Amino acid sequence: MAVLNLAACAIWNWSYSASFRLVVLILLHALAILIGLKFGWLWAITCGMLVAACYCWMVLNPHCQWLGPVICKASNDQILITIDDGPDPHDTPILLGLLDQYHTKAIFFMIGEKAKAHPELVREVARRGHEIGNHTFTHPQASFWCAGPWRTRREISQCQKVIEEITGKAPCWFRAPVGHRNFLCILSPVHWV
């Protein structure tokens, strides 16, 4: 698995930081095994559990910057409104009406499959001046955090492609399904929110 992940980083020219984090993770596991050989398997299992706990904290903590920069606030004390999981034929028009009523803009994080099914809603969101972000192609909420490099790349790039085909502009923002980030997911120029 490590060789496949490193190969994916090399093939797609992912940032050196993604490759570096992967190497660090592999070395930490190797260190746990060496500790097990020297001091016994109880110590190896304990070290392995600490590595796993660190990994889970990085993936599940939405504010953790260890997997790359995450933007959590708007500048100048502004409120950043984000809307996930659309476009939806029922909810999106209602939300657009409310945002227009209060002269407010938002970032709509859209799922590629839904955008493909409702391109008119995607165009309407863009026409009204809202930003459109990438929220993966299929929204694999239970498994995105542990997806391999090819699946991660496919989820993000397919959504990018669909939204760009519909609006003529590629999203520059990305939000992972249910906020569970992926260790390998570094795709410039898309920024995490």
# chains A, B, ... in the order shown; residues from 1 in each chain; ligands from 1
>>> select_by_dssp(residues="region 13-177 of chain A", states="strand (DSSP E)", output="number ranges by chain")
A: 82-86, 107-110, 131-134, 173-174
>>> write_last_selection(atoms="N, CA and C atoms", output="mmCIF file, in the first residue's frame")
data_model
loop_
_atom_site.group_PDB
_atom_site.id
_atom_site.type_symbol
_atom_site.label_atom_id
_atom_site.label_comp_id
_atom_site.auth_asym_id
_atom_site.auth_seq_id
_atom_site.Cartn_x
_atom_site.Cartn_y
_atom_site.Cartn_z
ATOM 1 N N THR A 82 -21.367 28.742 4.384
ATOM 2 C CA THR A 82 -21.126 27.633 3.465
ATOM 3 C C THR A 82 -22.332 26.692 3.504
ATOM 4 N N ILE A 83 -22.649 26.145 2.343
ATOM 5 C CA ILE A 83 -23.798 25.244 2.212
ATOM 6 C C ILE A 83 -23.305 23.994 1.496
ATOM 7 N N ASP A 84 -23.513 22.846 2.106
ATOM 8 C CA ASP A 84 -23.005 21.576 1.575
ATOM 9 C C ASP A 84 -24.106 20.722 0.959
ATOM 10 N N ASP A 85 -23.657 19.740 0.174
ATOM 11 C CA ASP A 85 -24.440 18.592 -0.290
ATOM 12 C C ASP A 85 -25.465 18.896 -1.381
ATOM 13 N N GLY A 86 -25.376 20.009 -2.025
ATOM 14 C CA GLY A 86 -26.307 20.321 -3.113
ATOM 15 C C GLY A 86 -25.690 20.022 -4.453
ATOM 16 N N ILE A 107 -20.721 30.151 -0.101
ATOM 17 C CA ILE A 107 -20.033 29.147 -0.905
ATOM 18 C C ILE A 107 -20.896 27.891 -0.865
ATOM 19 N N PHE A 108 -21.320 27.435 -2.029
ATOM 20 C CA PHE A 108 -22.097 26.217 -2.150
ATOM 21 C C PHE A 108 -21.140 25.077 -2.498
ATOM 22 N N PHE A 109 -20.950 24.143 -1.574
ATOM 23 C CA PHE A 109 -20.100 22.985 -1.832
ATOM 24 C C PHE A 109 -20.974 21.899 -2.447
ATOM 25 N N MET A 110 -20.752 21.675 -3.741
ATOM 26 C CA MET A 110 -21.638 20.794 -4.498
ATOM 27 C C MET A 110 -21.032 19.421 -4.746
ATOM 28 N N GLU A 131 -20.132 31.591 -4.783
ATOM 29 C CA GLU A 131 -18.979 30.737 -5.091
ATOM 30 C C GLU A 131 -19.448 29.285 -5.079
ATOM 31 N N ILE A 132 -18.843 28.477 -5.940
ATOM 32 C CA ILE A 132 -19.165 27.045 -5.959
ATOM 33 C C ILE A 132 -17.901 26.277 -5.609
ATOM 34 N N GLY A 133 -18.030 25.389 -4.632
ATOM 35 C CA GLY A 133 -16.903 24.586 -4.182
ATOM 36 C C GLY A 133 -17.101 23.116 -4.488
ATOM 37 N N ASN A 134 -16.016 22.381 -4.431
ATOM 38 C CA ASN A 134 -15.965 20.950 -4.711
ATOM 39 C C ASN A 134 -16.251 20.180 -3.419
ATOM 40 N N TRP A 173 -12.246 25.867 -4.075
ATOM 41 C CA TRP A 173 -12.434 25.455 -2.692
ATOM 42 C C TRP A 173 -12.858 24.001 -2.651
ATOM 43 N N PHE A 174 -12.424 23.303 -1.609
ATOM 44 C CA PHE A 174 -12.789 21.905 -1.422
ATOM 45 C C PHE A 174 -13.192 21.673 0.024
#
>>> residues_around(residues="Thr46 (chain A)", least_positions_apart="5", cutoff="9 Å", atoms="only C-alpha atoms", output="list in words")
Ala32, Trp41 and Val51 of chain A
>>> write_last_selection(atoms="N, CA and C atoms", output="tab-separated table (two decimals), in the first residue's frame")
chain	number	residue	atom	x	y	z
A	32	ALA	N	7.58	1.62	15.36
A	32	ALA	CA	6.77	0.82	16.30
A	32	ALA	C	7.15	-0.66	16.22
A	41	TRP	N	6.17	-6.97	22.13
A	41	TRP	CA	5.05	-6.56	21.29
A	41	TRP	C	4.04	-5.67	22.00
A	51	VAL	N	0.30	6.10	17.06
A	51	VAL	CA	0.37	6.56	15.67
A	51	VAL	C	-1.04	6.63	15.09
>>> atom_distance(atom1="CA of Cys54 (chain A)", atom2="CA of Ile26 (chain A)")
13.3 Å
>>> residues_around(residues="Pro62 (chain A)", least_positions_apart="4", cutoff="12 Å", atoms="only C-alpha atoms", output="list of chain:residue names")
A:Cys56, A:Trp57, A:Met58, A:Trp66, A:Leu67, A:Gly68, A:Pro69, A:Val70, A:Ile71, A:Cys72, A:Arg175, A:Ala176, A:Pro177, A:Val178, A:Gly179, A:His180, A:Arg181, A:Asn182, A:Trp192, A:Val193
>>> write_last_selection(atoms="C-alpha atoms", output="PDB file, in the first residue's frame")
ATOM      1  CA  CYS A  56      -7.349   9.904  13.496  1.00  0.00           C
ATOM      2  CA  TRP A  57      -6.915  13.278  15.160  1.00  0.00           C
ATOM      3  CA  MET A  58      -5.452  14.737  11.938  1.00  0.00           C
ATOM      4  CA  TRP A  66      -1.146  19.073   9.735  1.00  0.00           C
ATOM      5  CA  LEU A  67      -2.686  17.801   6.481  1.00  0.00           C
ATOM      6  CA  GLY A  68      -2.359  21.159   4.790  1.00  0.00           C
ATOM      7  CA  PRO A  69      -3.874  24.588   5.277  1.00  0.00           C
ATOM      8  CA  VAL A  70      -7.537  24.763   6.255  1.00  0.00           C
ATOM      9  CA  ILE A  71      -9.394  28.054   6.000  1.00  0.00           C
ATOM     10  CA  CYS A  72     -11.764  28.401   8.945  1.00  0.00           C
ATOM     11  CA  ARG A 175     -14.633  20.449   1.543  1.00  0.00           C
ATOM     12  CA  ALA A 176     -14.329  16.770   2.439  1.00  0.00           C
ATOM     13  CA  PRO A 177     -17.512  14.765   3.083  1.00  0.00           C
ATOM     14  CA  VAL A 178     -18.611  15.247   6.712  1.00  0.00           C
ATOM     15  CA  GLY A 179     -15.331  17.083   7.295  1.00  0.00           C
ATOM     16  CA  HIS A 180     -13.260  13.875   7.409  1.00  0.00           C
ATOM     17  CA  ARG A 181     -10.095  14.820   5.567  1.00  0.00           C
ATOM     18  CA  ASN A 182      -7.974  12.399   3.624  1.00  0.00           C
ATOM     19  CA  TRP A 192      -9.742  23.087   2.100  1.00  0.00           C
ATOM     20  CA  VAL A 193     -12.581  24.756   3.948  1.00  0.00           C
TER      21      VAL A 193
END
>>> select_by_dssp(residues="chain A", states="helix (DSSP H, G or I)", output="number ranges by chain")
A: 2-11, 16-39, 41-60, 91-101, 112-117, 119-127, 144-146, 149-167, 177-179
>>> closest_residue(among="A:Pro140, A:Val23, A:Ala117, A:Asp88", to="Thr152 (chain A)", atoms="only C-alpha atoms")
A:Pro140
>>> atom_distance(atom1="CA of Glu155 (chain A)", atom2="CA of Ala126 (chain A)")
21.7 Å
>>> closest_residue(among="A:Ile81, A:Ala44, A:Ala52, A:Leu22", to="Pro149 (chain A)", atoms="only C-alpha atoms")
A:Leu22
>>> residues_around(residues="Val162 (chain A)", least_positions_apart="2", cutoff="12 Å", atoms="only C-alpha atoms", output="count of residues only")
34
